[in-house]
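Below: one structure, written as structure tokens.
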Amino acid sequence: AAAVIPFTGFVSGIWFIEEPVRKRTKKTKHVQLEEEVEEGNAPGVEEAPENHSRNGTILNGSNSSKLGHNSTITKEEEIVEVNASEVGNGLIHEKVTTSAKSVRELIFTFKVALTIMVYANLRLTAVGNDDATPLFMSTPKLDGGMEFTTQQIGFALLGQGFIIVLHVAFIFPWLKAKYGALELFKMSQYFVPLAVIFIPFLSQIQRSVDEVTLWIILELYFVYKVMAYATAFTAVTILVNNCAHPKVLGTINGISQTAAAFTSAVAPAMAGIIFSWSLSNGYGFPFDWHFAFFVLGILAVLNLVASWFLDPSVNSRTVDDED
């Protein structure tokens with residue numbers, strides 16, 4: 001259900017919304033001179049009605065003005081390099097024509113695909129973890145859980161929102177200025193798997209310590225978890241924007257949000273099914289109550305490995321070649 005609205009927006013964006021590509025209308029001296037040649041008003045140029053081209057790539061005439069050597073004539077969506085000189089028949093030969101890349105070529109690249117994949121997988125592990133944690137904490141101790149009440153679970157999760165605000169507003173900007181978004185994301189991926197895998201061991205710690213110590217450990221754990229995930233999410237959001245060419249920035253953001261919404265919709269069902277199976281299968285470690293968190297931990301490790309292959313260029317914003 002969570003993916004319905006983003007998916008609708010994605011489909012609408014693909015089929016009905018055009019990319020707001022900037023059109024350049026500023027005329028250079030070369031373009032102005034070209035227009036004068038076409039109209040026959042350039043100094044020293046006589047009108048040649050049958051032989052001059054309207055697209056500016058080849059100009060013919062009995063007389064030709066002298067253009068600069070290796071001049072460049074720039075037009076919308078096209079760059080034409082010409083090599084012109086005084087020649088007897090007045091020909092200007094087209095040298096190279098470079099067309100703008102298509103939208104498809106800008107979207108379907110390895111850099112974009114990998115960045116979106118790690119973002120979607122991060123959402124899968126985060127939402128799955130958030131769903132499985134209350135299930136584990138409310139599970140009876142005989143089944144490996146902590147047997148917490150709803151009030152105890154709510155109190156344990158209480159401080160996460162404040163920590164996220166503090167981290168995003170003050171801590172992350174300082175870290176980004178020091179390390180950069182890409183390095184921060186890579187570092188966070190070493191901490192995320194530990195944040196997932198540690199949870200099922202809390203019930204064993206519960207049996208070994210007093211209640212005050214248990215709550216201290218719980219709160220310290222949630223601070224660690226929030227810092228790891230908040231760093232990862234903030235950094236990967238920047239990377240998704242950086243990997244996108246300005247012409248397709250909206251499209252790529254739409255695709256990334258749709259992919260993340262899909263994994264967010266799948267994660268609760270996946271985590272709940274695996275956790276329920278682990279309580280009823282009768283198997284021992286690691287297929288007991290630990291298993292759901294181990295599966296999520298493996299997915300988090302895959303993100304860690306994928307982060308090693310992220311293109312270094314995603315650390316800075318993509319600039320339009322025409323700028």
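How things are named: the first chain in the structure tokens is A, the next is B, and so on; residues count from 1 in each chain; ligands count from 1 in the order shown.
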Once you count only C-alpha atoms, what closest atom pair and distance in Å to one decimal does each residue of range 241-292 of chain A within 6 Å of range 120-132 of chain A have, with rows by chain and rising residue number, as JSON lines?
{"residue": "A:Ala259", "atom": "CA", "partner": "A:Ala120", "partner_atom": "CA", "distance": 5.7}
{"residue": "A:Ala260", "atom": "CA", "partner": "A:Ala120", "partner_atom": "CA", "distance": 4.3}
{"residue": "A:Thr263", "atom": "CA", "partner": "A:Leu124", "partner_atom": "CA", "distance": 5.0}
{"residue": "A:Ser264", "atom": "CA", "partner": "A:Leu124", "partner_atom": "CA", "distance": 5.6}
{"residue": "A:Ala267", "atom": "CA", "partner": "A:Gly128", "partner_atom": "CA", "distance": 4.7}
{"residue": "A:Pro268", "atom": "CA", "partner": "A:Gly128", "partner_atom": "CA", "distance": 5.3}
{"residue": "A:Ala271", "atom": "CA", "partner": "A:Gly128", "partner_atom": "CA", "distance": 5.3}
Using N, CA, C and O atoms, can you write the selected residues to a file as a PDB file, in the first residue's frame?
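selection.pdb written:
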ATOM      1  N   ALA A 259      11.469   2.952  -6.192  1.00  0.00           N
ATOM      2  CA  ALA A 259      12.181   1.739  -5.779  1.00  0.00           C
ATOM      3  C   ALA A 259      12.220   1.631  -4.262  1.00  0.00           C
ATOM      4  O   ALA A 259      12.010   0.551  -3.686  1.00  0.00           O
ATOM      5  N   ALA A 260      12.480   2.759  -3.590  1.00  0.00           N
ATOM      6  CA  ALA A 260      12.523   2.752  -2.121  1.00  0.00           C
ATOM      7  C   ALA A 260      11.152   2.479  -1.523  1.00  0.00           C
ATOM      8  O   ALA A 260      11.030   1.776  -0.504  1.00  0.00           O
ATOM      9  N   THR A 263      10.479  -1.337  -1.780  1.00  0.00           N
ATOM     10  CA  THR A 263      11.173  -2.129  -0.755  1.00  0.00           C
ATOM     11  C   THR A 263      10.598  -1.842   0.638  1.00  0.00           C
ATOM     12  O   THR A 263      10.565  -2.737   1.489  1.00  0.00           O
ATOM     13  N   SER A 264      10.137  -0.604   0.856  1.00  0.00           N
ATOM     14  CA  SER A 264       9.518  -0.279   2.148  1.00  0.00           C
ATOM     15  C   SER A 264       8.205  -1.023   2.328  1.00  0.00           C
ATOM     16  O   SER A 264       7.821  -1.359   3.458  1.00  0.00           O
ATOM     17  N   ALA A 267       9.289  -4.868   2.933  1.00  0.00           N
ATOM     18  CA  ALA A 267      10.069  -5.165   4.138  1.00  0.00           C
ATOM     19  C   ALA A 267       9.245  -5.628   5.339  1.00  0.00           C
ATOM     20  O   ALA A 267       9.605  -6.630   5.983  1.00  0.00           O
ATOM     21  N   PRO A 268       8.140  -4.971   5.716  1.00  0.00           N
ATOM     22  CA  PRO A 268       7.386  -5.443   6.890  1.00  0.00           C
ATOM     23  C   PRO A 268       6.855  -6.861   6.727  1.00  0.00           C
ATOM     24  O   PRO A 268       6.915  -7.669   7.672  1.00  0.00           O
ATOM     25  N   ALA A 271       9.927  -9.292   6.903  1.00  0.00           N
ATOM     26  CA  ALA A 271      10.453  -9.426   8.263  1.00  0.00           C
ATOM     27  C   ALA A 271       9.476 -10.185   9.161  1.00  0.00           C
ATOM     28  O   ALA A 271       9.883 -11.048   9.949  1.00  0.00           O
TER      29      ALA A 271
END
What residues in range 132-311 of chain A get the DSSP label helix (DSSP H, G or I)? Please answer as a PyMOL selection string.
chain A and resi 132-138+141-143+150-157+160-179+181-197+199-206+211-243+246-280+291-307
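When DSSP reads the backbone of this structure, the residues of range 71-308 of chain A it assigns to strand (DSSP E or B) are A:Thr72, A:Ile73, A:Thr74, A:Lys75, A:Glu78, A:Ile79, A:Val80, A:Glu81, A:Val82, A:Asn83, A:His93, A:Glu94, A:Lys95, A:Val96, A:Thr97, A:Thr98, A:Ser99.
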Grab the residues selected above and save them as a CSV table (one decimal), in the first residue's frame with N, CA and C atoms.
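Contents of out.csv, freshly written:
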chain,number,residue,atom,x,y,z
A,72,THR,N,33.6,27.9,-34.1
A,72,THR,CA,32.5,27.0,-33.6
A,72,THR,C,31.2,27.7,-33.6
A,73,ILE,N,30.2,27.2,-34.2
A,73,ILE,CA,28.9,27.7,-34.3
A,73,ILE,C,28.0,26.9,-33.4
A,74,THR,N,27.4,27.5,-32.4
A,74,THR,CA,26.6,26.8,-31.4
A,74,THR,C,25.1,27.1,-31.6
A,75,LYS,N,24.3,26.1,-31.6
A,75,LYS,CA,22.9,26.2,-31.7
A,75,LYS,C,22.2,25.3,-30.7
A,78,GLU,N,22.6,21.4,-30.6
A,78,GLU,CA,23.6,20.9,-31.6
A,78,GLU,C,24.8,21.8,-31.5
A,79,ILE,N,26.0,21.2,-31.6
A,79,ILE,CA,27.3,21.9,-31.7
A,79,ILE,C,27.9,21.6,-33.0
A,80,VAL,N,28.2,22.6,-33.8
A,80,VAL,CA,28.8,22.3,-35.1
A,80,VAL,C,30.2,23.0,-35.2
A,81,GLU,N,31.2,22.2,-35.4
A,81,GLU,CA,32.6,22.8,-35.5
A,81,GLU,C,32.9,22.9,-37.0
A,82,VAL,N,33.3,24.0,-37.4
A,82,VAL,CA,33.6,24.2,-38.9
A,82,VAL,C,35.0,24.7,-39.0
A,83,ASN,N,35.6,24.4,-40.1
A,83,ASN,CA,36.9,24.8,-40.5
A,83,ASN,C,36.8,25.7,-41.7
A,93,HIS,N,33.3,23.6,-44.9
A,93,HIS,CA,33.1,22.2,-44.7
A,93,HIS,C,32.8,21.9,-43.2
A,94,GLU,N,31.7,21.1,-43.0
A,94,GLU,CA,31.4,20.7,-41.6
A,94,GLU,C,32.4,19.7,-41.1
A,95,LYS,N,32.9,19.9,-39.9
A,95,LYS,CA,33.9,19.0,-39.4
A,95,LYS,C,33.3,18.0,-38.4
A,96,VAL,N,32.7,18.4,-37.3
A,96,VAL,CA,32.1,17.5,-36.4
A,96,VAL,C,30.8,18.0,-35.9
A,97,THR,N,29.8,17.1,-35.7
A,97,THR,CA,28.5,17.5,-35.2
A,97,THR,C,28.2,16.6,-33.9
A,98,THR,N,28.0,17.2,-32.8
A,98,THR,CA,27.8,16.5,-31.5
A,98,THR,C,26.4,16.8,-31.0
A,99,SER,N,25.5,15.8,-31.0
A,99,SER,CA,24.2,16.0,-30.5
A,99,SER,C,24.1,15.7,-29.1
Which distance in Å separates CA of Ala181 in chain A and CA of Ala235 in chain A, to one decimal?
5.0 Å
Contacts of Ala306 in chain A within 10 Å, only C-alpha atoms, excl. fewer than 5 positions in-chain, as an MDAnalysis selection string
chainID A and resid 114:115 117:118 186 189 300:301
Please determine, counting only C-alpha atoms, which residue among A:Phe294, A:Phe287, A:Trp277, A:Phe162 has the shortest atom-to-atom distance to Ala230 in chain A.
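Once distances to Ala230 in chain A are computed over only C-alpha atoms, the minimum belongs to A:Phe162.
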